[in-house]
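Trainee: I am sharing coords.cif, which consists of mmCIF, C-alpha atoms (C1' of nucleotides):
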data_coords
#
loop_
_atom_site.label_atom_id
_atom_site.label_comp_id
_atom_site.auth_asym_id
_atom_site.auth_seq_id
_atom_site.Cartn_x
_atom_site.Cartn_y
_atom_site.Cartn_z
CA MET F 1 -19.20 6.40 -11.28
CA LYS F 2 -17.18 3.34 -12.12
CA LEU F 3 -17.16 -0.22 -10.90
CA SER F 4 -13.76 -1.36 -9.61
CA VAL F 5 -11.80 -4.07 -11.37
CA ARG F 6 -12.48 -6.19 -8.33
CA GLY F 7 -16.22 -5.82 -8.83
CA GLU F 8 -15.96 -6.61 -12.50
CA TYR F 9 -13.93 -9.75 -11.78
CA ALA F 10 -16.52 -10.83 -9.23
CA LEU F 11 -19.30 -10.56 -11.79
CA ARG F 12 -17.32 -12.39 -14.43
CA ALA F 13 -16.38 -15.20 -12.07
CA LEU F 14 -19.92 -15.61 -10.83
CA MET F 15 -21.20 -15.71 -14.38
CA VAL F 16 -18.93 -18.69 -14.99
CA LEU F 17 -20.25 -20.39 -11.86
CA ALA F 18 -23.80 -19.65 -12.96
CA ARG F 19 -23.23 -21.19 -16.35
CA ASP F 20 -21.73 -24.31 -14.80
CA PHE F 21 -24.32 -24.49 -12.05
CA GLN F 22 -25.85 -27.89 -11.32
CA GLU F 23 -28.15 -29.01 -8.55
CA ASP F 24 -25.66 -31.59 -7.25
CA ASP F 25 -22.59 -30.36 -5.38
CA SER F 26 -20.14 -30.14 -8.25
CA VAL F 27 -17.58 -27.34 -8.01
CA VAL F 28 -15.40 -25.32 -10.39
CA ARG F 29 -11.71 -24.82 -9.73
CA ILE F 30 -10.36 -21.31 -9.32
CA GLN F 31 -7.82 -21.96 -12.02
CA GLN F 32 -10.52 -22.77 -14.57
CA ILE F 33 -12.33 -19.53 -13.85
CA SER F 34 -9.07 -17.64 -13.87
CA LYS F 35 -8.13 -18.96 -17.28
CA LYS F 36 -11.54 -18.63 -18.85
CA GLN F 37 -11.91 -15.02 -17.77
CA ASN F 38 -8.33 -13.72 -17.76
CA ILE F 39 -8.36 -12.97 -14.07
CA PRO F 40 -5.14 -13.18 -11.98
CA LYS F 41 -5.54 -16.36 -9.98
CA ARG F 42 -4.24 -15.11 -6.67
CA PHE F 43 -6.44 -12.05 -6.85
CA LEU F 44 -9.45 -14.14 -7.75
CA GLU F 45 -8.87 -16.27 -4.64
CA GLN F 46 -9.40 -13.23 -2.48
CA ILE F 47 -12.48 -12.18 -4.32
CA LEU F 48 -14.14 -15.58 -4.14
CA ASN F 49 -13.28 -15.87 -0.49
CA ASP F 50 -14.94 -12.54 0.02
CA LEU F 51 -18.04 -13.71 -1.85
CA LYS F 52 -18.08 -16.72 0.40
CA SER F 53 -18.36 -14.57 3.48
CA ALA F 54 -21.28 -12.88 1.75
CA ARG F 55 -22.91 -16.31 1.43
CA ILE F 56 -23.04 -15.99 -2.34
CA VAL F 57 -20.70 -18.89 -3.05
CA GLU F 58 -19.51 -21.89 -1.10
CA SER F 59 -16.31 -23.88 -1.42
CA LYS F 60 -15.00 -27.39 -1.22
CA ARG F 61 -11.40 -27.81 -0.16
CA GLY F 62 -8.81 -30.36 -1.09
CA VAL F 63 -7.65 -31.92 -4.30
CA SER F 64 -10.96 -31.93 -6.13
CA GLY F 65 -12.14 -28.75 -4.47
CA GLY F 66 -13.45 -25.54 -5.94
CA TYR F 67 -16.28 -23.07 -5.77
CA ARG F 68 -19.98 -23.16 -6.54
CA LEU F 69 -22.95 -20.86 -6.07
CA ARG F 70 -24.49 -21.22 -2.67
CA ARG F 71 -27.98 -20.50 -4.04
CA ARG F 72 -29.61 -21.03 -7.37
CA PRO F 73 -28.61 -18.45 -10.00
CA GLU F 74 -32.15 -17.11 -10.18
CA GLN F 75 -31.85 -16.06 -6.58
CA ILE F 76 -28.71 -13.96 -6.86
CA THR F 77 -29.05 -10.46 -8.27
CA LEU F 78 -26.31 -8.24 -9.61
CA ALA F 79 -27.35 -5.66 -7.04
CA GLU F 80 -26.51 -8.01 -4.19
CA ILE F 81 -23.09 -8.79 -5.62
CA VAL F 82 -22.11 -5.24 -6.41
CA ARG F 83 -23.38 -3.95 -3.09
CA HIS F 84 -21.23 -6.44 -1.25
CA ILE F 85 -18.08 -5.75 -3.22
CA GLU F 86 -18.42 -2.03 -3.85
CA GLY F 87 -20.84 -0.63 -1.36
CA PRO F 88 -23.65 1.73 -2.42
CA LEU F 89 -25.15 1.60 -5.90
CA ALA F 90 -26.19 5.23 -5.56
CA PRO F 91 -23.95 7.93 -7.03
CA VAL F 92 -24.06 9.85 -3.73
CA SER F 93 -24.51 8.22 -0.34
CA CYS F 94 -27.21 10.65 0.74
CA VAL F 95 -29.64 8.92 -1.66
CA SER F 96 -28.56 5.39 -0.87
CA GLU F 97 -31.08 3.11 0.78
CA LYS F 98 -28.69 0.47 2.05
CA TYR F 99 -25.71 2.69 2.79
CA TYR F 100 -27.25 6.05 3.61
CA GLU F 101 -24.91 8.74 4.90
CA LYS F 102 -25.63 12.37 5.59
CA CYS F 103 -23.94 14.69 3.14
CA SER F 104 -22.36 18.08 3.76
CA CYS F 105 -24.87 20.19 1.92
CA PRO F 106 -26.70 22.89 3.91
CA ASP F 107 -30.17 21.36 3.69
CA GLU F 108 -30.38 17.82 2.48
CA SER F 109 -34.15 17.74 2.31
CA ARG F 110 -34.16 20.66 -0.13
CA CYS F 111 -31.13 19.73 -2.21
CA ALA F 112 -31.90 19.80 -5.92
CA ILE F 113 -28.90 17.66 -6.78
CA ARG F 114 -30.10 15.03 -4.41
CA SER F 115 -33.44 14.74 -6.14
CA ILE F 116 -31.73 14.23 -9.50
CA MET F 117 -29.33 11.71 -8.08
CA LYS F 118 -32.18 9.81 -6.57
CA GLN F 119 -33.56 9.35 -10.04
CA VAL F 120 -30.22 8.04 -11.27
CA ARG F 121 -30.03 5.70 -8.31
CA ASP F 122 -33.50 4.34 -9.02
CA ASP F 123 -32.59 3.59 -12.62
CA ILE F 124 -29.41 1.80 -11.61
CA VAL F 125 -31.10 -0.20 -8.90
CA LYS F 126 -33.95 -1.16 -11.18
CA VAL F 127 -31.61 -2.83 -13.65
CA MET F 128 -29.29 -4.35 -11.09
CA GLU F 129 -32.02 -5.77 -8.91
CA SER F 130 -33.98 -7.23 -11.76
CA THR F 131 -30.99 -8.97 -13.30
CA THR F 132 -29.97 -12.30 -11.81
CA LEU F 133 -27.04 -14.55 -12.46
CA ALA F 134 -29.46 -16.82 -14.29
CA ASN F 135 -30.31 -14.00 -16.71
CA LEU F 136 -26.63 -13.34 -17.16
CA ALA F 137 -25.82 -16.99 -17.83
CA GLU F 138 -28.65 -17.32 -20.31
CA ARG F 139 -27.64 -14.18 -22.12
CA SER F 140 -24.06 -15.36 -22.18
CA ARG F 141 -25.04 -18.69 -23.72
CA LYS F 142 -27.07 -16.93 -26.39
CA LEU F 143 -24.30 -14.53 -27.30
CA GLU F 144 -21.87 -17.40 -27.61
CA HIS F 145 -23.85 -18.95 -30.43
CA GLU F 146 -24.34 -15.67 -32.20
CA PRO F 147 -22.23 -15.11 -35.33
CA ALA F 148 -19.63 -12.44 -34.67
CA GLY F 149 -21.14 -9.75 -36.88
CA HIS F 150 -24.67 -9.90 -35.56
CA ILE F 151 -24.14 -8.40 -32.17
CA ASP F 152 -26.90 -5.88 -31.62
CA PHE F 153 -25.20 -3.30 -29.50
CA VAL F 154 -22.35 -0.97 -30.24
CA ILE F 155 -19.73 0.97 -28.40
CA MET B 156 -20.36 3.48 -8.54
CA LYS B 157 -19.98 6.68 -6.58
CA LEU B 158 -19.34 10.28 -7.48
CA SER B 159 -16.29 11.73 -5.74
CA VAL B 160 -16.61 14.53 -3.22
CA ARG B 161 -14.88 16.70 -5.78
CA GLY B 162 -17.61 16.02 -8.30
CA GLU B 163 -20.32 16.68 -5.79
CA TYR B 164 -18.73 19.99 -4.81
CA ALA B 165 -18.52 20.95 -8.47
CA LEU B 166 -22.22 20.36 -8.96
CA ARG B 167 -23.14 22.24 -5.81
CA ALA B 168 -20.96 25.20 -6.72
CA LEU B 169 -22.28 25.37 -10.25
CA MET B 170 -25.83 25.24 -8.95
CA VAL B 171 -25.09 28.38 -6.95
CA LEU B 172 -23.65 30.08 -10.03
CA ALA B 173 -26.70 29.02 -12.02
CA ARG B 174 -29.07 30.47 -9.47
CA ASP B 175 -27.16 33.75 -9.45
CA PHE B 176 -26.71 33.83 -13.19
CA GLN B 177 -27.38 37.11 -14.96
CA GLU B 178 -26.79 38.14 -18.54
CA ASP B 179 -24.40 40.94 -17.55
CA ASP B 180 -20.93 40.04 -16.37
CA SER B 181 -21.56 39.92 -12.64
CA VAL B 182 -19.53 37.36 -10.72
CA VAL B 183 -19.82 35.44 -7.45
CA ARG B 184 -16.95 35.25 -4.99
CA ILE B 185 -15.51 31.88 -4.09
CA GLN B 186 -16.01 32.64 -0.45
CA GLN B 187 -19.75 33.13 -0.91
CA ILE B 188 -20.10 29.80 -2.63
CA SER B 189 -17.89 28.16 -0.05
CA LYS B 190 -20.02 29.46 2.80
CA LYS B 191 -23.36 28.78 1.19
CA GLN B 192 -22.49 25.18 0.37
CA ASN B 193 -20.11 24.18 3.17
CA ILE B 194 -17.21 23.59 0.79
CA PRO B 195 -13.59 24.15 1.93
CA LYS B 196 -12.56 27.36 0.21
CA ARG B 197 -9.10 26.33 -0.85
CA PHE B 198 -10.39 23.10 -2.33
CA LEU B 199 -13.16 24.91 -4.14
CA GLU B 200 -10.57 27.18 -5.76
CA GLN B 201 -9.01 24.17 -7.43
CA ILE B 202 -12.30 22.81 -8.57
CA LEU B 203 -13.46 26.09 -10.09
CA ASN B 204 -10.12 26.55 -11.76
CA ASP B 205 -10.53 23.11 -13.24
CA LEU B 206 -14.04 23.97 -14.46
CA LYS B 207 -12.55 27.05 -16.04
CA SER B 208 -10.19 24.99 -18.14
CA ALA B 209 -13.26 23.02 -19.21
CA ARG B 210 -14.81 26.29 -20.37
CA ILE B 211 -17.77 25.82 -18.06
CA VAL B 212 -17.04 28.86 -15.91
CA GLU B 213 -15.02 32.00 -16.35
CA SER B 214 -13.38 34.21 -13.77
CA LYS B 215 -12.68 37.85 -13.04
CA ARG B 216 -9.61 38.58 -10.98
CA GLY B 217 -8.86 41.33 -8.52
CA VAL B 218 -10.73 42.89 -5.66
CA SER B 219 -14.25 42.52 -7.00
CA GLY B 220 -13.46 39.33 -8.83
CA GLY B 221 -15.15 35.95 -8.76
CA TYR B 222 -16.67 33.29 -10.97
CA ARG B 223 -19.60 33.06 -13.32
CA LEU B 224 -20.94 30.54 -15.81
CA ARG B 225 -19.33 30.90 -19.18
CA ARG B 226 -22.54 29.85 -20.94
CA ARG B 227 -26.21 30.12 -20.10
CA PRO B 228 -27.36 27.53 -17.54
CA GLU B 229 -29.64 25.89 -20.11
CA GLN B 230 -26.59 25.02 -22.12
CA ILE B 231 -24.67 23.17 -19.45
CA THR B 232 -25.68 19.60 -18.69
CA LEU B 233 -24.78 17.55 -15.63
CA ALA B 234 -23.26 14.99 -17.98
CA GLU B 235 -20.74 17.52 -19.25
CA ILE B 236 -19.74 18.52 -15.73
CA VAL B 237 -19.41 15.03 -14.33
CA ARG B 238 -17.57 13.77 -17.38
CA HIS B 239 -15.00 16.50 -17.01
CA ILE B 240 -14.45 16.01 -13.30
CA GLU B 241 -14.84 12.25 -13.00
CA GLY B 242 -14.36 10.73 -16.42
CA PRO B 243 -16.75 8.11 -17.79
CA LEU B 244 -20.39 7.99 -16.73
CA ALA B 245 -20.48 4.30 -17.60
CA PRO B 246 -19.94 1.74 -14.83
CA VAL B 247 -17.33 -0.04 -16.95
CA SER B 248 -15.15 1.68 -19.53
CA CYS B 249 -15.83 -0.92 -22.20
CA VAL B 250 -19.35 0.50 -22.60
CA SER B 251 -18.35 4.14 -22.42
CA GLU B 252 -18.88 6.25 -25.50
CA LYS B 253 -16.62 9.13 -24.58
CA TYR B 254 -13.97 7.20 -22.67
CA TYR B 255 -14.03 3.76 -24.25
CA GLU B 256 -11.34 1.33 -23.14
CA LYS B 257 -10.95 -2.30 -24.01
CA CYS B 258 -11.58 -4.59 -21.07
CA SER B 259 -9.81 -7.79 -20.11
CA CYS B 260 -12.66 -10.19 -20.79
CA PRO B 261 -12.06 -12.93 -23.36
CA ASP B 262 -14.56 -11.73 -25.96
CA GLU B 263 -15.91 -8.27 -25.48
CA SER B 264 -18.44 -8.50 -28.26
CA ARG B 265 -20.09 -11.48 -26.60
CA CYS B 266 -19.84 -10.40 -22.98
CA ALA B 267 -23.17 -10.67 -21.19
CA ILE B 268 -22.10 -8.33 -18.42
CA ARG B 269 -21.25 -5.73 -20.96
CA SER B 270 -24.73 -5.77 -22.43
CA ILE B 271 -26.28 -5.26 -19.00
CA MET B 272 -23.86 -2.50 -18.15
CA LYS B 273 -24.67 -0.80 -21.38
CA GLN B 274 -28.26 -0.57 -20.26
CA VAL B 275 -27.18 0.96 -16.95
CA ARG B 276 -24.99 3.40 -18.79
CA ASP B 277 -27.84 4.45 -21.05
CA ASP B 278 -30.09 5.12 -18.08
CA ILE B 279 -27.47 7.21 -16.33
CA VAL B 280 -26.62 9.17 -19.47
CA LYS B 281 -30.26 9.81 -20.23
CA VAL B 282 -30.80 11.57 -16.91
CA MET B 283 -27.49 13.37 -16.82
CA GLU B 284 -27.67 14.65 -20.38
CA SER B 285 -31.23 15.84 -20.11
CA THR B 286 -30.66 17.77 -16.91
CA THR B 287 -29.14 21.22 -17.22
CA LEU B 288 -27.95 23.69 -14.63
CA ALA B 289 -31.08 25.67 -15.41
CA ASN B 290 -33.25 22.70 -14.40
CA LEU B 291 -31.22 22.34 -11.25
CA ALA B 292 -31.50 26.01 -10.36
CA GLU B 293 -35.22 26.02 -10.97
CA ARG B 294 -35.73 22.91 -8.91
CA SER B 295 -33.60 24.38 -6.17
CA ARG B 296 -35.66 27.55 -6.08
CA LYS B 297 -38.86 25.55 -5.85
CA LEU B 298 -37.61 23.33 -3.04
CA GLU B 299 -36.53 26.38 -1.10
CA HIS B 300 -40.08 27.66 -0.86
CA GLU B 301 -41.50 24.29 0.03
CA PRO B 302 -42.52 23.81 3.68
CA ALA B 303 -40.14 21.39 5.38
CA GLY B 304 -42.56 18.52 5.80
CA HIS B 305 -43.85 18.42 2.24
CA ILE B 306 -40.78 17.09 0.51
CA ASP B 307 -41.97 14.39 -1.84
CA PHE B 308 -39.07 12.03 -1.84
CA VAL B 309 -37.62 9.92 0.89
CA ILE B 310 -34.38 8.26 1.78
"C1'" DC P 311 0.34 -43.21 4.84
"C1'" DA P 312 2.30 -39.95 1.59
"C1'" DC P 313 1.54 -36.64 -1.69
"C1'" DA P 314 -0.14 -33.35 -4.69
"C1'" DA P 315 -3.74 -30.35 -5.73
"C1'" DT P 316 -6.62 -27.49 -4.01
"C1'" DC P 317 -8.63 -23.79 -0.82
"C1'" DT P 318 -7.45 -20.43 3.38
"C1'" DC P 319 -5.52 -16.90 5.85
"C1'" DT P 320 -2.49 -13.20 6.78
"C1'" DA P 321 0.50 -9.98 5.47
"C1'" DC P 322 2.88 -7.07 2.38
"C1'" DT P 323 3.62 -3.64 -1.36
"C1'" DA P 324 3.62 -0.47 -5.09
"C1'" DT P 325 0.88 2.72 -7.12
"C1'" DG P 326 -2.50 5.93 -7.44
"C1'" DT P 327 -6.35 8.82 -5.97
"C1'" DC P 328 -8.72 11.82 -2.84
"C1'" DA P 329 -9.32 15.66 -0.21
"C1'" DA P 330 -7.42 18.83 1.20
"C1'" DT P 331 -3.60 22.48 2.82
"C1'" DA P 332 0.06 25.87 2.01
"C1'" DG P 333 2.67 29.49 0.12
"C1'" DA P 334 3.86 32.60 -3.21
"C1'" DT P 335 2.22 35.42 -7.02
"C1'" DA P 336 -0.64 38.16 -10.15
"C1'" DT P 337 -4.54 41.17 -10.87
"C1'" DT P 338 -7.69 44.76 -10.03
"C1'" DA P 339 -10.82 48.43 -7.77
"C1'" DA P 340 -10.86 51.94 -4.65
"C1'" DT H 341 -0.73 52.06 -2.24
"C1'" DT H 342 -3.38 48.64 -0.35
"C1'" DA H 343 -6.54 45.13 0.39
"C1'" DA H 344 -9.24 41.68 -1.60
"C1'" DT H 345 -9.46 38.67 -4.79
"C1'" DA H 346 -8.02 34.86 -8.24
"C1'" DT H 347 -3.89 31.77 -9.98
"C1'" DC H 348 -0.42 28.47 -9.89
"C1'" DT H 349 2.46 24.92 -8.10
"C1'" DA H 350 3.64 21.86 -4.72
"C1'" DT H 351 3.00 18.94 -0.81
"C1'" DT H 352 0.71 15.99 2.38
"C1'" DG H 353 -1.73 12.30 4.91
"C1'" DA H 354 -4.96 8.96 4.56
"C1'" DC H 355 -6.92 5.52 2.12
"C1'" DA H 356 -8.12 2.35 -1.62
"C1'" DT H 357 -6.75 -0.47 -5.44
"C1'" DA H 358 -4.78 -4.27 -7.59
"C1'" DG H 359 -2.27 -7.19 -6.96
"C1'" DT H 360 1.87 -10.60 -4.92
"C1'" DA H 361 3.84 -13.84 -1.54
"C1'" DG H 362 4.24 -17.36 1.76
"C1'" DA H 363 2.80 -20.60 4.90
"C1'" DG H 364 -0.82 -23.57 6.33
"C1'" DA H 365 -5.09 -26.53 6.21
"C1'" DT H 366 -7.93 -29.91 3.81
"C1'" DT H 367 -8.90 -33.70 1.01
"C1'" DG H 368 -8.92 -37.44 -2.71
"C1'" DT H 369 -5.97 -40.68 -4.77
"C1'" DG H 370 -2.38 -44.13 -5.21
#
In structure tokens, how does this file's structure come out?
Mentor:
Amino acid sequence: MKLSVRGEYALRALMVLARDFQEDDSVVRIQQISKKQNIPKRFLEQILNDLKSARIVESKRGVSGGYRLRRRPEQITLAEIVRHIEGPLAPVSCVSEKYYEKCSCPDESRCAIRSIMKQVRDDIVKVMESTTLANLAERSRKLEHEPAGHIDFVI
Amino acid sequence: MKLSVRGEYALRALMVLARDFQEDDSVVRIQQISKKQNIPKRFLEQILNDLKSARIVESKRGVSGGYRLRRRPEQITLAEIVRHIEGPLAPVSCVSEKYYEKCSCPDESRCAIRSIMKQVRDDIVKVMESTTLANLAERSRKLEHEPAGHIDFVI
DNA sequence: CACAATCTCTACTATGTCAATAGATATTAA
DNA sequence: TTAATATCTATTGACATAGTAGAGATTGTG
């Protein structure tokens, strides 16, 4: 049920780009992102390149090159990102909308597990589709100015 | 974000045991489960053995041997099963309650992604902890008697 | 023009996980 | 005794994961 490290890095990197987003065509260097988020630089290259092919980011080459979001942060949902990096959001493919695959159970249409998993899927999708990079950036900015003790969620 | 095939097989097998559950000490043969659910028999052996070590099922050896639930179906939640087979229910370990692990982000307590993922985790856990094998068995019985066209959820 | 900093592309690798498969053994009922 | 079952340990092939490495292309600056 877990996100891969790759997926986590993608989200963290895009959050940085969302926070630095400006309407002009300014870019952020890979190295900056890598440092800020503790992500191996060479690995991050691959991931950003991958996100480029998904038309989520765009790049500028050369000495003052770097990456930027290809669309405004309000228009990029976590669902889109995770789906591109990881595949289905659903816990089993037989309840996935975007990546449906038949499963091996004897009668899919009468599978009780499937109906439960569909509920789980819906909950996941609801959160992931309603959260944009803009939400993430805003939340990140707020948390930054919060005193350390006042964080309102626990492990 | 996906359940492994192993986890799916575990749920399907346990659903069979839940449906056949009786208060006496009657058992179900691996082969029956394997046939009914299209699960490779040898693989299923391993899985059931694993569930035995988790004290979810118990076994009887010998010629009329087999497996049965170790507790009543109402007392076994999907969360317990999946946690034992797969590990954390949470999409990232840094928001897992049972399998917490520190993540590599610069400041975990102020990570915006973390606070979103916590919400996803809570949704998943809510469904998985409130659903028992008894619920699953009951739902399965109902679906079985439903005419094919009337299934009320879609892909 | 030269150069250095950046992105780009391809390939490689070590490790681990997944989904089985196999074989030998122990247990039990008839 | 035998046949059907569970148990245990090991192995395998395929694939994914999380990187690492090297060479090349692009571009702004001096």
Trainee: Got a sec to resolve the PyMOL selection byres ((chain H and resi 347-357) around 10) on this structure and send the residues as number ranges by chain?
Mentor: F: 4-6; B: 200-201, 204, 216; P: 325-337; H: 346, 358-359
Trainee: When you count all atoms listed in the file, which of these residues is closest to Lys196 of chain B: B:Val171, B:Ile279, B:Ile211, B:Arg184?
Mentor: B:Arg184
Trainee: Between atom CA of Leu133 of chain F and atom CA of Cys266 of chain B, what distance in Å does the model show, to one decimal?
Mentor: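 Interatomic distance, atom CA of Leu133 of chain F to atom CA of Cys266 of chain B: 13.4 Å.
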Trainee: Rounded to one decimal, what separation in Å do you get between atom CA of Met1 of chain F and atom CA of Val92 of chain F?
Mentor: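 Atom CA of Met1 of chain F sits 9.6 Å away from atom CA of Val92 of chain F.
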Trainee: Calculate how many Å separate atom CA of Pro228 of chain B from atom CA of Cys94 of chain F, rounding to one decimal.
Mentor: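 If I compute the distance from atom CA of Pro228 of chain B to atom CA of Cys94 of chain F, I get 24.9 Å.
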Trainee: Could you tell me which residues the PyMOL selection byres ((chain H) within 8 of (chain B)) grabs in this file, written as a list in words?
Mentor: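 With the PyMOL selection byres ((chain H) within 8 of (chain B)) on this model, the match is DA343, DA344, DT345 and DA346 of chain H.
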Trainee: Choose the residue, out of B:Arg223, B:Arg238, B:Lys157, B:Arg167, that has the smallest atom-to-atom separation from chain F; count all atoms listed in the file.
Mentor: B:Lys157
Trainee: Would you kindly translate the PyMOL selection byres ((chain B) within 8 of (chain F)) into the concrete residues it picks from this file, as a ChimeraX atom specification?
Mentor: /B:156-158,166-167,191-193,241,243-252,255,259-261,264-268,270-271,274-275,278-279,282,291-292,294-295,298-299,303,306,308,310
Trainee: For each of B:Asp180, B:Gln230, B:Phe198, B:Lys207, take the minimum atom-to-atom distance to chain P, counting all atoms listed in the file, then give the residue where this is smallest.
Mentor: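 Among the listed residues, the smallest separation from chain P belongs to B:Phe198.
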Trainee: How close does chain P get to chain F? List, as JSON lines, each residue of chain P within 10 Å, its nearest atom pair and the distance in Å to one decimal, counting all atoms listed in the file.
Mentor:
{"residue": "P:DA314", "atom": "C1'", "partner": "F:Val63", "partner_atom": "CA", "distance": 7.7}
{"residue": "P:DA315", "atom": "C1'", "partner": "F:Val63", "partner_atom": "CA", "distance": 4.4}
{"residue": "P:DT316", "atom": "C1'", "partner": "F:Val63", "partner_atom": "CA", "distance": 4.6}
{"residue": "P:DC317", "atom": "C1'", "partner": "F:Arg61", "partner_atom": "CA", "distance": 4.9}
{"residue": "P:DT318", "atom": "C1'", "partner": "F:Asn49", "partner_atom": "CA", "distance": 8.4}
{"residue": "P:DC319", "atom": "C1'", "partner": "F:Gln46", "partner_atom": "CA", "distance": 9.9}
Trainee: Please, what is the axis-aligned box for every listed atom of segment 362-369 of chain H with 3 Å on each side, as centre and edge lengths in Å to one decimal, as lines of an AutoDock Vina configuration file?
Mentor:
center_x = -2.3
center_y = -29.0
center_z = 0.8
size_x = 19.2
size_y = 29.3
size_z = 17.1
